[in-house]
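See below for protein33.txt, which holds compact mmCIF, C-alpha atoms (C1' of nucleotides).
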```
# COMPACT_ATOMS: atom_id res chain seq x y z
CA MET A 598 -72.69 283.71 -69.33
CA ALA A 599 -73.48 286.52 -71.70
CA VAL A 600 -74.81 284.42 -74.55
CA SER A 601 -76.26 281.02 -73.71
CA LYS A 602 -75.86 277.93 -75.85
CA GLU A 603 -79.53 278.09 -76.74
CA GLN A 604 -79.17 281.67 -77.90
CA ILE A 605 -76.24 280.70 -80.06
CA ILE A 606 -78.27 277.95 -81.68
CA THR A 607 -81.11 280.37 -82.35
CA ALA A 608 -78.81 282.93 -83.94
CA ALA A 609 -77.02 280.26 -85.96
CA ILE A 610 -80.28 278.91 -87.36
CA ARG A 611 -81.46 282.37 -88.21
CA HIS A 612 -78.24 283.12 -90.08
CA LEU A 613 -78.01 279.75 -91.82
CA ASN A 614 -81.55 280.17 -93.11
CA GLY A 615 -80.19 282.93 -95.32
CA SER A 616 -76.66 281.60 -95.86
CA PRO A 617 -76.70 277.80 -95.67
CA ALA A 618 -72.94 277.55 -96.32
CA ALA A 619 -71.77 280.06 -93.72
CA SER A 620 -68.45 279.38 -91.98
CA MET A 621 -67.90 279.15 -88.23
CA GLY A 622 -66.48 282.66 -88.27
CA GLN A 623 -69.55 284.08 -90.00
CA ILE A 624 -71.88 282.21 -87.68
CA ALA A 625 -69.97 283.47 -84.64
CA GLN A 626 -70.17 287.01 -85.94
CA ALA A 627 -73.89 286.66 -86.55
CA ALA A 628 -74.32 285.39 -83.00
CA GLY A 629 -72.30 288.29 -81.65
CA ILE A 630 -69.57 286.16 -80.12
CA SER A 631 -65.97 285.32 -81.01
CA ARG A 632 -65.04 282.29 -83.03
CA ALA A 633 -63.16 280.86 -80.05
CA THR A 634 -66.26 281.03 -77.86
CA LEU A 635 -68.32 279.36 -80.54
CA HIS A 636 -65.78 276.54 -80.62
CA ARG A 637 -65.96 276.25 -76.84
CA HIS A 638 -69.65 275.49 -77.10
CA PHE A 639 -69.45 273.34 -80.23
CA ALA A 640 -66.12 271.62 -80.76
CA THR A 641 -66.62 271.13 -84.50
CA ARG A 642 -68.84 272.61 -87.17
CA GLU A 643 -70.56 269.29 -87.50
CA ASP A 644 -71.40 269.33 -83.81
CA LEU A 645 -73.07 272.68 -84.31
CA ILE A 646 -75.11 271.57 -87.29
CA ILE A 647 -76.19 268.47 -85.40
CA ALA A 648 -77.27 270.64 -82.48
CA LEU A 649 -79.32 272.78 -84.85
CA GLY A 650 -80.84 269.58 -86.18
CA TRP A 651 -81.92 268.53 -82.72
CA ARG A 652 -83.41 271.93 -82.14
CA ALA A 653 -85.34 271.73 -85.39
CA HIS A 654 -86.54 268.25 -84.56
CA ALA A 655 -87.63 269.41 -81.11
CA ALA A 656 -89.72 272.09 -82.78
CA TRP A 657 -91.09 269.47 -85.14
CA GLU A 658 -92.06 267.24 -82.22
CA ARG A 659 -93.64 270.17 -80.41
CA ALA A 660 -95.70 270.88 -83.51
CA GLN A 661 -96.91 267.31 -83.48
CA ALA A 662 -97.74 267.54 -79.79
CA GLU A 663 -99.64 270.80 -80.13
CA ALA A 664 -101.57 269.31 -83.00
CA GLY A 665 -102.63 266.47 -80.71
CA LEU A 666 -101.18 263.88 -83.05
CA GLU A 667 -100.69 261.23 -80.39
CA GLU A 668 -104.29 261.35 -79.20
CA ALA A 669 -105.60 261.47 -82.74
CA LEU A 670 -103.83 258.24 -83.62
CA GLY A 671 -106.23 256.38 -81.32
CA ALA A 672 -109.30 257.90 -82.95
CA THR A 673 -111.22 256.70 -85.98
CA ASP A 674 -113.81 259.44 -86.47
CA ARG A 675 -113.45 261.96 -89.27
CA ALA A 676 -113.76 265.08 -87.13
CA THR A 677 -110.93 264.27 -84.73
CA LEU A 678 -108.56 263.11 -87.45
CA GLU A 679 -109.33 266.02 -89.72
CA ARG A 680 -108.80 268.52 -86.93
CA ALA A 681 -105.45 266.96 -85.99
CA LEU A 682 -104.35 267.01 -89.62
CA HIS A 683 -105.25 270.66 -90.07
CA ARG A 684 -103.50 271.63 -86.87
CA LEU A 685 -100.42 269.66 -87.83
CA ILE A 686 -100.19 271.45 -91.16
CA THR A 687 -100.54 274.92 -89.74
CA GLN A 688 -98.15 274.17 -86.89
CA HIS A 689 -95.54 273.10 -89.41
CA ILE A 690 -95.53 276.48 -91.08
CA GLU A 691 -93.70 278.05 -88.15
CA VAL A 692 -91.23 275.19 -88.13
CA ALA A 693 -90.50 275.71 -91.81
CA GLU A 694 -90.18 279.42 -91.23
CA GLU A 695 -87.84 279.14 -88.23
CA HIS A 696 -85.80 276.08 -89.19
CA GLY A 697 -86.21 276.15 -92.93
CA PHE A 698 -82.62 275.45 -93.81
CA ALA A 699 -82.87 272.10 -92.03
CA LEU A 700 -85.29 270.96 -94.73
CA THR A 701 -82.55 270.67 -97.33
CA GLU A 702 -79.42 270.32 -95.18
CA HIS A 703 -77.88 266.99 -96.20
CA LEU A 704 -75.18 267.19 -93.51
CA MET A 705 -77.72 266.12 -90.93
CA GLU A 706 -77.95 262.64 -92.35
CA VAL A 707 -74.55 261.77 -90.89
CA ASP A 708 -75.76 261.68 -87.29
CA GLU A 709 -77.27 258.32 -86.43
CA GLY A 710 -79.50 259.53 -83.62
CA LEU A 711 -80.81 262.43 -85.66
CA VAL A 712 -81.69 260.22 -88.58
CA ARG A 713 -83.52 257.84 -86.27
CA ARG A 714 -85.34 260.73 -84.65
CA ALA A 715 -86.42 262.11 -88.02
CA HIS A 716 -87.59 258.67 -89.01
CA GLU A 717 -89.68 258.32 -85.85
CA LEU A 718 -91.32 261.70 -86.29
CA GLU A 719 -91.98 261.04 -89.95
CA GLU A 720 -93.38 257.62 -89.14
CA ARG A 721 -95.91 259.12 -86.74
CA GLU A 722 -97.11 261.47 -89.46
CA VAL A 723 -97.40 258.58 -91.86
CA LEU A 724 -99.52 256.78 -89.27
CA LEU A 725 -101.80 259.81 -89.01
CA ILE A 726 -102.07 259.99 -92.77
CA GLU A 727 -102.98 256.32 -92.95
CA ALA A 728 -105.58 256.77 -90.25
CA CYS A 729 -107.01 259.68 -92.22
CA GLN A 730 -107.14 257.51 -95.30
CA ARG A 731 -109.00 254.76 -93.48
CA ALA A 732 -111.47 257.29 -92.05
CA GLY A 733 -112.16 258.73 -95.49
CA VAL A 734 -110.50 262.06 -94.78
CA LEU A 735 -107.65 261.60 -97.24
CA ARG A 736 -107.75 259.81 -100.57
CA PRO A 737 -106.63 256.18 -100.39
CA ASP A 738 -105.22 255.91 -103.91
CA MET A 739 -101.85 257.34 -102.95
CA SER A 740 -99.33 255.88 -100.53
CA ALA A 741 -99.13 257.62 -97.18
CA ARG A 742 -95.42 258.04 -97.70
CA TRP A 743 -95.96 259.96 -100.93
CA ILE A 744 -98.40 262.23 -99.14
CA SER A 745 -95.83 262.71 -96.40
CA ASN A 746 -93.27 263.70 -99.01
CA VAL A 747 -95.76 266.06 -100.61
CA PHE A 748 -96.10 267.74 -97.26
CA PHE A 749 -92.34 268.11 -97.10
CA GLY A 750 -92.17 269.63 -100.57
CA LEU A 751 -94.91 272.11 -99.79
CA LEU A 752 -92.96 273.26 -96.75
CA VAL A 753 -90.11 274.05 -99.12
CA THR A 754 -92.66 275.99 -101.14
CA VAL A 755 -93.63 277.94 -98.04
CA ARG A 756 -90.01 278.67 -97.16
CA GLU A 757 -89.16 279.91 -100.65
CA SER A 758 -92.36 281.90 -101.03
CA LEU A 759 -91.68 283.73 -97.80
CA ARG A 760 -88.00 284.18 -98.55
CA ARG A 761 -88.78 285.72 -101.90
CA GLY A 762 -91.66 287.73 -100.55
CA ASP A 763 -94.17 286.20 -102.97
CA VAL A 764 -96.91 285.78 -100.40
CA ALA A 765 -97.97 287.48 -97.19
CA ARG A 766 -97.20 285.60 -94.01
CA ARG A 767 -100.81 285.70 -92.86
CA ASP A 768 -102.06 284.14 -96.09
CA VAL A 769 -99.83 281.09 -95.82
CA PRO A 770 -102.05 278.87 -93.61
CA ARG A 771 -105.02 279.18 -95.94
CA LEU A 772 -102.93 278.76 -99.08
CA LEU A 773 -101.10 275.72 -97.72
CA LEU A 774 -104.20 273.98 -96.43
CA GLU A 775 -106.19 274.63 -99.59
CA THR A 776 -103.35 273.60 -101.88
CA PHE A 777 -102.49 270.52 -99.89
CA LEU A 778 -106.04 269.26 -99.51
CA ARG A 779 -107.86 270.51 -102.57
CA GLY A 780 -105.17 271.14 -105.14
CA ILE A 781 -105.12 274.02 -107.53
CA HIS A 782 -107.75 272.82 -110.00
CA GLU A 783 -110.92 274.83 -110.42
CA ASN A 784 -113.87 273.47 -108.36
CA MET B 351 -61.36 264.44 -127.44
CA ALA B 352 -62.12 261.48 -125.27
CA VAL B 353 -64.71 263.13 -123.05
CA SER B 354 -66.56 266.11 -124.44
CA LYS B 355 -67.55 269.15 -122.45
CA GLU B 356 -71.17 268.10 -122.69
CA GLN B 357 -70.36 264.67 -121.32
CA ILE B 358 -68.51 266.26 -118.41
CA ILE B 359 -71.52 268.39 -117.62
CA THR B 360 -73.77 265.36 -117.71
CA ALA B 361 -71.51 263.38 -115.40
CA ALA B 362 -71.10 266.34 -113.07
CA ILE B 363 -74.84 266.83 -112.77
CA ARG B 364 -75.36 263.15 -112.15
CA HIS B 365 -72.78 263.15 -109.38
CA LEU B 366 -73.90 266.42 -107.81
CA ASN B 367 -77.46 265.12 -107.61
CA GLY B 368 -76.21 262.70 -104.98
CA SER B 369 -73.42 264.82 -103.46
CA PRO B 370 -74.29 268.49 -103.83
CA ALA B 371 -71.10 269.64 -102.07
CA ALA B 372 -68.64 267.57 -104.09
CA SER B 373 -65.20 269.09 -104.79
CA MET B 374 -63.64 269.55 -108.22
CA GLY B 375 -61.50 266.48 -107.60
CA GLN B 376 -64.50 264.32 -106.80
CA ILE B 377 -66.42 265.64 -109.78
CA ALA B 378 -63.46 264.95 -112.06
CA GLN B 379 -63.18 261.43 -110.71
CA ALA B 380 -66.89 260.86 -111.25
CA ALA B 381 -66.52 262.09 -114.83
CA GLY B 382 -63.54 259.79 -115.38
CA ILE B 383 -61.07 262.58 -116.09
CA SER B 384 -58.24 264.25 -114.21
CA ARG B 385 -58.71 267.36 -112.15
CA ALA B 386 -56.41 269.28 -114.50
CA THR B 387 -58.57 268.40 -117.49
CA LEU B 388 -61.67 269.45 -115.66
CA HIS B 389 -60.03 272.80 -114.98
CA ARG B 390 -59.10 273.12 -118.64
CA HIS B 391 -62.78 272.97 -119.53
CA PHE B 392 -64.05 275.03 -116.60
CA ALA B 393 -61.55 277.49 -115.16
CA THR B 394 -63.24 277.74 -111.78
CA ARG B 395 -65.73 275.71 -109.82
CA GLU B 396 -68.21 278.51 -110.17
CA ASP B 397 -67.88 278.35 -113.95
CA LEU B 398 -68.77 274.69 -113.80
CA ILE B 399 -71.80 275.19 -111.61
CA ILE B 400 -72.98 278.00 -113.89
CA ALA B 401 -72.59 275.72 -116.89
CA LEU B 402 -74.68 273.07 -115.15
CA GLY B 403 -77.24 275.76 -114.48
CA TRP B 404 -77.45 276.64 -118.16
CA ARG B 405 -77.83 272.97 -119.00
CA ALA B 406 -80.65 272.61 -116.49
CA HIS B 407 -82.32 275.73 -117.81
CA ALA B 408 -82.02 274.45 -121.36
CA ALA B 409 -83.81 271.28 -120.30
CA TRP B 410 -86.39 273.43 -118.57
CA GLU B 411 -86.95 275.44 -121.72
CA ARG B 412 -87.15 272.29 -123.81
CA ALA B 413 -89.81 270.99 -121.44
CA GLN B 414 -91.79 274.17 -121.99
CA ALA B 415 -91.39 273.88 -125.74
CA GLU B 416 -92.45 270.24 -125.87
CA ALA B 417 -95.44 271.11 -123.77
CA GLY B 418 -96.41 273.71 -126.38
CA LEU B 419 -96.42 276.48 -123.81
CA GLU B 420 -95.80 279.27 -126.30
CA GLU B 421 -98.73 278.34 -128.51
CA ALA B 422 -100.98 277.77 -125.52
CA LEU B 423 -100.39 281.30 -124.28
CA GLY B 424 -102.36 282.59 -127.25
CA ALA B 425 -105.30 280.33 -126.57
CA THR B 426 -108.28 280.92 -124.31
CA ASP B 427 -110.14 277.62 -124.51
CA ARG B 428 -110.05 275.17 -121.65
CA ALA B 429 -108.95 272.15 -123.66
CA THR B 430 -105.81 273.70 -125.11
CA LEU B 431 -104.73 275.29 -121.86
CA GLU B 432 -105.42 272.20 -119.81
CA ARG B 433 -103.49 270.02 -122.21
CA ALA B 434 -100.49 272.35 -122.17
CA LEU B 435 -100.56 272.44 -118.38
CA HIS B 436 -100.65 268.67 -118.09
CA ARG B 437 -97.84 268.27 -120.57
CA LEU B 438 -95.76 270.87 -118.81
CA ILE B 439 -96.12 269.09 -115.50
CA THR B 440 -95.17 265.68 -116.82
CA GLN B 441 -92.30 267.10 -118.85
CA HIS B 442 -90.90 268.67 -115.70
CA ILE B 443 -90.57 265.33 -113.98
CA GLU B 444 -87.62 264.37 -116.14
CA VAL B 445 -86.04 267.74 -115.53
CA ALA B 446 -86.35 267.29 -111.78
CA GLU B 447 -84.97 263.78 -112.10
CA GLU B 448 -81.98 264.74 -114.26
CA HIS B 449 -81.15 268.17 -112.85
CA GLY B 450 -82.63 267.85 -109.38
CA PHE B 451 -79.75 269.38 -107.50
CA ALA B 452 -80.24 272.63 -109.41
CA LEU B 453 -83.57 273.04 -107.62
CA THR B 454 -81.90 273.90 -104.33
CA GLU B 455 -78.44 275.11 -105.44
CA HIS B 456 -78.14 278.65 -104.16
CA LEU B 457 -74.81 279.22 -105.90
CA MET B 458 -76.62 279.73 -109.19
CA GLU B 459 -78.09 282.99 -108.02
CA VAL B 460 -74.73 284.71 -108.45
CA ASP B 461 -74.78 284.63 -112.26
CA GLU B 462 -76.72 287.54 -113.65
CA GLY B 463 -77.63 285.92 -116.95
CA LEU B 464 -78.74 282.73 -115.29
CA VAL B 465 -80.98 284.56 -112.85
CA ARG B 466 -82.56 286.51 -115.71
CA ARG B 467 -83.06 283.30 -117.67
CA ALA B 468 -84.72 281.60 -114.72
CA HIS B 469 -86.90 284.62 -114.27
CA GLU B 470 -87.99 284.54 -117.91
CA LEU B 471 -88.82 280.86 -117.85
CA GLU B 472 -90.67 281.22 -114.58
CA GLU B 473 -92.55 284.21 -115.91
CA ARG B 474 -93.82 282.24 -118.89
CA GLU B 475 -95.16 279.57 -116.58
CA VAL B 476 -96.84 282.23 -114.48
CA LEU B 477 -98.47 283.54 -117.65
CA LEU B 478 -99.76 280.06 -118.47
CA ILE B 479 -101.09 279.68 -114.95
CA GLU B 480 -102.87 283.02 -115.20
CA ALA B 481 -104.34 282.05 -118.55
CA CYS B 482 -105.55 278.81 -116.98
CA GLN B 483 -107.12 280.78 -114.16
CA ARG B 484 -108.96 283.06 -116.58
CA ALA B 485 -110.20 280.08 -118.56
CA GLY B 486 -111.52 278.37 -115.46
CA VAL B 487 -108.98 275.58 -115.50
CA LEU B 488 -107.20 276.63 -112.32
CA ARG B 489 -108.71 278.22 -109.24
CA PRO B 490 -108.51 282.00 -109.22
CA ASP B 491 -108.33 282.49 -105.45
CA MET B 492 -104.58 281.94 -105.30
CA SER B 493 -101.89 284.06 -106.90
CA ALA B 494 -100.27 282.54 -109.96
CA ARG B 495 -96.90 282.99 -108.32
CA TRP B 496 -97.91 280.90 -105.34
CA ILE B 497 -99.07 278.18 -107.69
CA SER B 498 -95.77 278.42 -109.51
CA ASN B 499 -93.94 277.97 -106.21
CA VAL B 500 -96.16 275.04 -105.35
CA PHE B 501 -95.06 273.44 -108.58
CA PHE B 502 -91.45 274.00 -107.60
CA GLY B 503 -91.97 272.45 -104.19
CA LEU B 504 -93.67 269.40 -105.65
CA LEU B 505 -90.68 268.87 -107.92
CA VAL B 506 -88.56 268.72 -104.77
CA THR B 507 -91.05 266.14 -103.54
CA VAL B 508 -90.55 264.14 -106.72
CA ARG B 509 -86.77 264.35 -106.44
CA GLU B 510 -86.73 263.21 -102.82
CA SER B 511 -89.31 260.49 -103.33
CA LEU B 512 -87.29 259.00 -106.16
CA ARG B 513 -83.99 259.44 -104.32
CA ARG B 514 -85.35 257.61 -101.29
CA GLY B 515 -87.13 255.02 -103.37
CA ASP B 516 -90.52 255.80 -101.87
CA VAL B 517 -92.38 255.65 -105.16
CA ALA B 518 -92.00 253.86 -108.47
CA ARG B 519 -90.79 256.00 -111.35
CA ARG B 520 -93.76 255.09 -113.52
CA ASP B 521 -96.25 256.17 -110.87
CA VAL B 522 -94.85 259.66 -110.59
CA PRO B 523 -96.77 261.36 -113.43
CA ARG B 524 -100.14 260.27 -112.09
CA LEU B 525 -99.25 261.07 -108.48
CA LEU B 526 -97.88 264.47 -109.35
CA LEU B 527 -100.79 265.47 -111.58
CA GLU B 528 -103.41 264.27 -109.14
CA THR B 529 -101.72 265.86 -106.15
CA PHE B 530 -101.09 269.12 -107.91
CA LEU B 531 -104.55 269.50 -109.37
CA ARG B 532 -106.85 267.74 -106.96
CA GLY B 533 -104.93 267.67 -103.68
CA ILE B 534 -104.93 264.80 -101.26
CA HIS B 535 -108.38 265.22 -99.77
CA GLU B 536 -110.96 262.48 -100.23
CA ASN B 537 -113.52 263.04 -103.04
C1' DA C 1404 -62.31 292.61 -52.18
C1' DT C 1405 -60.89 288.51 -53.86
C1' DA C 1406 -61.31 284.27 -56.15
C1' DT C 1407 -63.54 282.01 -60.02
C1' DA C 1408 -65.31 281.60 -64.46
C1' DC C 1409 -65.91 283.32 -68.92
C1' DT C 1410 -64.75 286.01 -72.96
C1' DG C 1411 -62.35 288.26 -77.06
C1' DA C 1412 -58.38 288.64 -79.63
C1' DG C 1413 -54.70 286.80 -81.77
C1' DA C 1414 -51.44 283.27 -83.07
C1' DC C 1415 -50.74 278.73 -84.61
C1' DA C 1416 -50.52 274.35 -87.16
C1' DG C 1417 -53.16 271.38 -89.85
C1' DT C 1418 -56.23 270.39 -93.55
C1' DA C 1419 -58.61 270.65 -97.83
C1' DC C 1420 -59.49 272.82 -101.17
C1' DT C 1421 -58.64 275.88 -105.73
C1' DG C 1422 -56.27 277.35 -109.74
C1' DT C 1423 -51.86 277.13 -112.54
C1' DC C 1424 -48.00 275.08 -114.63
C1' DG C 1425 -44.66 271.87 -116.92
C1' DC C 1426 -43.86 267.60 -118.85
C1' DA C 1427 -44.26 263.07 -120.49
C1' DA C 1428 -47.54 259.84 -122.45
C1' DA C 1429 -51.31 258.89 -125.28
C1' DT C 1430 -54.53 259.97 -128.71
C1' DT C 1431 -55.88 261.84 -132.98
C1' DA C 1432 -55.37 263.80 -137.37
C1' DT C 1433 -52.83 264.31 -141.79
C1' DA D 461 -44.93 257.92 -139.97
C1' DT D 462 -45.11 262.28 -138.30
C1' DA D 463 -47.12 266.28 -136.45
C1' DA D 464 -50.62 268.38 -133.56
C1' DT D 465 -53.73 268.08 -129.89
C1' DT D 466 -55.25 266.43 -125.71
C1' DT D 467 -54.66 264.05 -121.60
C1' DG D 468 -52.94 262.40 -116.93
C1' DC D 469 -49.87 263.18 -113.35
C1' DG D 470 -47.40 265.55 -110.10
C1' DA D 471 -45.91 269.82 -108.14
C1' DC D 472 -46.79 274.27 -106.67
C1' DA D 473 -48.42 278.48 -104.38
C1' DG D 474 -52.40 280.61 -102.68
C1' DT D 475 -56.53 280.69 -100.07
C1' DA D 476 -59.98 279.70 -96.68
C1' DC D 477 -61.20 277.25 -93.65
C1' DT D 478 -61.03 274.30 -88.92
C1' DG D 479 -59.65 273.28 -84.37
C1' DT D 480 -56.42 274.38 -80.44
C1' DC D 481 -54.01 277.26 -77.49
C1' DT D 482 -52.43 281.25 -74.75
C1' DC D 483 -53.14 285.41 -72.48
C1' DA D 484 -55.01 289.52 -70.98
C1' DG D 485 -59.30 291.66 -69.85
C1' DT D 486 -64.00 291.38 -68.00
C1' DA D 487 -67.81 289.84 -65.67
C1' DT D 488 -69.75 287.08 -61.77
C1' DA D 489 -70.15 285.14 -57.38
C1' DT D 490 -69.15 284.81 -52.50
```
Could you render the structure as structure tokens?
Amino acid sequence: MAVSKEQIITAAIRHLNGSPAASMGQIAQAAGISRATLHRHFATREDLIIALGWRAHAAWERAQAEAGLEEALGATDRATLERALHRLITQHIEVAEEHGFALTEHLMEVDEGLVRRAHELEEREVLLIEACQRAGVLRPDMSARWISNVFFGLLVTVRESLRRGDVARRDVPRLLLETFLRGIHEN
Amino acid sequence: MAVSKEQIITAAIRHLNGSPAASMGQIAQAAGISRATLHRHFATREDLIIALGWRAHAAWERAQAEAGLEEALGATDRATLERALHRLITQHIEVAEEHGFALTEHLMEVDEGLVRRAHELEEREVLLIEACQRAGVLRPDMSARWISNVFFGLLVTVRESLRRGDVARRDVPRLLLETFLRGIHEN
DNA sequence: ATATACTGAGACAGTACTGTCGCAAATTAT
DNA sequence: ATAATTTGCGACAGTACTGTCTCAGTATAT
């Protein structure tokens, strides 16, 4: 096979990041294959979007794994939790960069399994946030779910900032961490 | 006239906040008018979306005005600038709540005038941010444009949090201000 | 070299829109 | 009450998709 299913997904995501409403024909063209071949791999457009969703969620899960989230959930000391949190944040930057369009794609909420998967992944981050709150790493006067949503919004910030060329790619980790943790107020 | 153009816009925005990809027929139904009537007011779907964009931008400008942004730009003292900033942030919550879908609607970038308008409004906020940085209200180690984008992302956070029912409406101003200015880190 | 599998191109029907029109009914103004 | 305006409804052509199919050409494997 000249172009594998995984390659198609990659090309589709890349194209949809710039044109979220692209048709099957445009996606096929961007992937360098015919529309018929694209339909052979993904029977419907919805199937394709769902597949992209799973890919994005896989990247999300990998980010959690590489951040050591699972292990950190058993810890109670500041250092371990803080390190996991920082890693998680920086790992997410790539995810937002590669699968950014998934952040605001409402079509993904139609797939039951995908919604459940997103919920699970989100729930694990909420657990980490709560653990950080108990350990005194994060402020306790905000709900963990709000903080989780703040994280989501800041990833949209990252995506847009990079898309518009407002910040340099290499500055993003520092900016995101500082903004997220310390806010933008002086001292 | 039973339903004015302004009422149609209001109903359309309300409906599109929940279903961003709604068709003209669905929008008409949501507004309580026929599709033909909707087309009499807005010749094309694009015209309608553009009109919603102008409405959203008008609300945006009103938020800036009520926050006293213009006057604050001439000031250099902390108190005035800080007060304008706080007002601007809280004023924006309503805008995000009422015109939330406009935050991520890419179709609005096709209208030249609308893009210029958005640019102007954004530029004024950047100027305020820079003034706040010079006055020691906001940290100077981040570009004003990044901070402006952070603000944008947090409005997406607000929209999603309210849409999902994760936070109470009355808690939003405090949460947003605290998060924006102080971040989520303990102490 | 031959069989197998895959691909691109094109045609096709089906669907869901958009945008326009005419007309009858209802609303509003005078 | 009558005229003018506005509306809903249905019909219509036009467009842009989606999803399926066929067929001829190409690559791949044995």
Residue nearest chain D among B:Gln441, B:Gln357, B:Gln376, B:Ser384 (counting only C-alpha atoms (C1' of nucleotides)): B:Ser384
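Pairwise distance (atom CA of B:Thr360, atom CA of B:Leu471) equals 21.6 Å.
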Chain B contacts on chain C, all atoms listed in the file, 12 Å, as a short mmCIF file (atom, residue, chain, number, x, y, z; two decimals) with C-alpha atoms (C1' of nucleotides), in the frame of the given file:
```cif
data_model
loop_
_atom_site.label_atom_id
_atom_site.label_comp_id
_atom_site.auth_asym_id
_atom_site.auth_seq_id
_atom_site.Cartn_x
_atom_site.Cartn_y
_atom_site.Cartn_z
"C1'" DA C 1419 -58.61 270.65 -97.83
"C1'" DC C 1420 -59.49 272.82 -101.17
"C1'" DT C 1421 -58.64 275.88 -105.73
"C1'" DG C 1422 -56.27 277.35 -109.74
"C1'" DT C 1423 -51.86 277.13 -112.54
"C1'" DC C 1424 -48.00 275.08 -114.63
"C1'" DA C 1429 -51.31 258.89 -125.28
"C1'" DT C 1430 -54.53 259.97 -128.71
"C1'" DT C 1431 -55.88 261.84 -132.98
"C1'" DA C 1432 -55.37 263.80 -137.37
#
```
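The part of chain D that reaches within 8 Å of chain B is made up of D:DT466, D:DT467, D:DG468, counting only C-alpha atoms (C1' of nucleotides).
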Long-range neighbours of D:DG485 as an MDAnalysis selection string, 12 Å cut-off, only C-alpha atoms (C1' of nucleotides), 5 positions minimum in chain: chainID C and resid 1409:1412
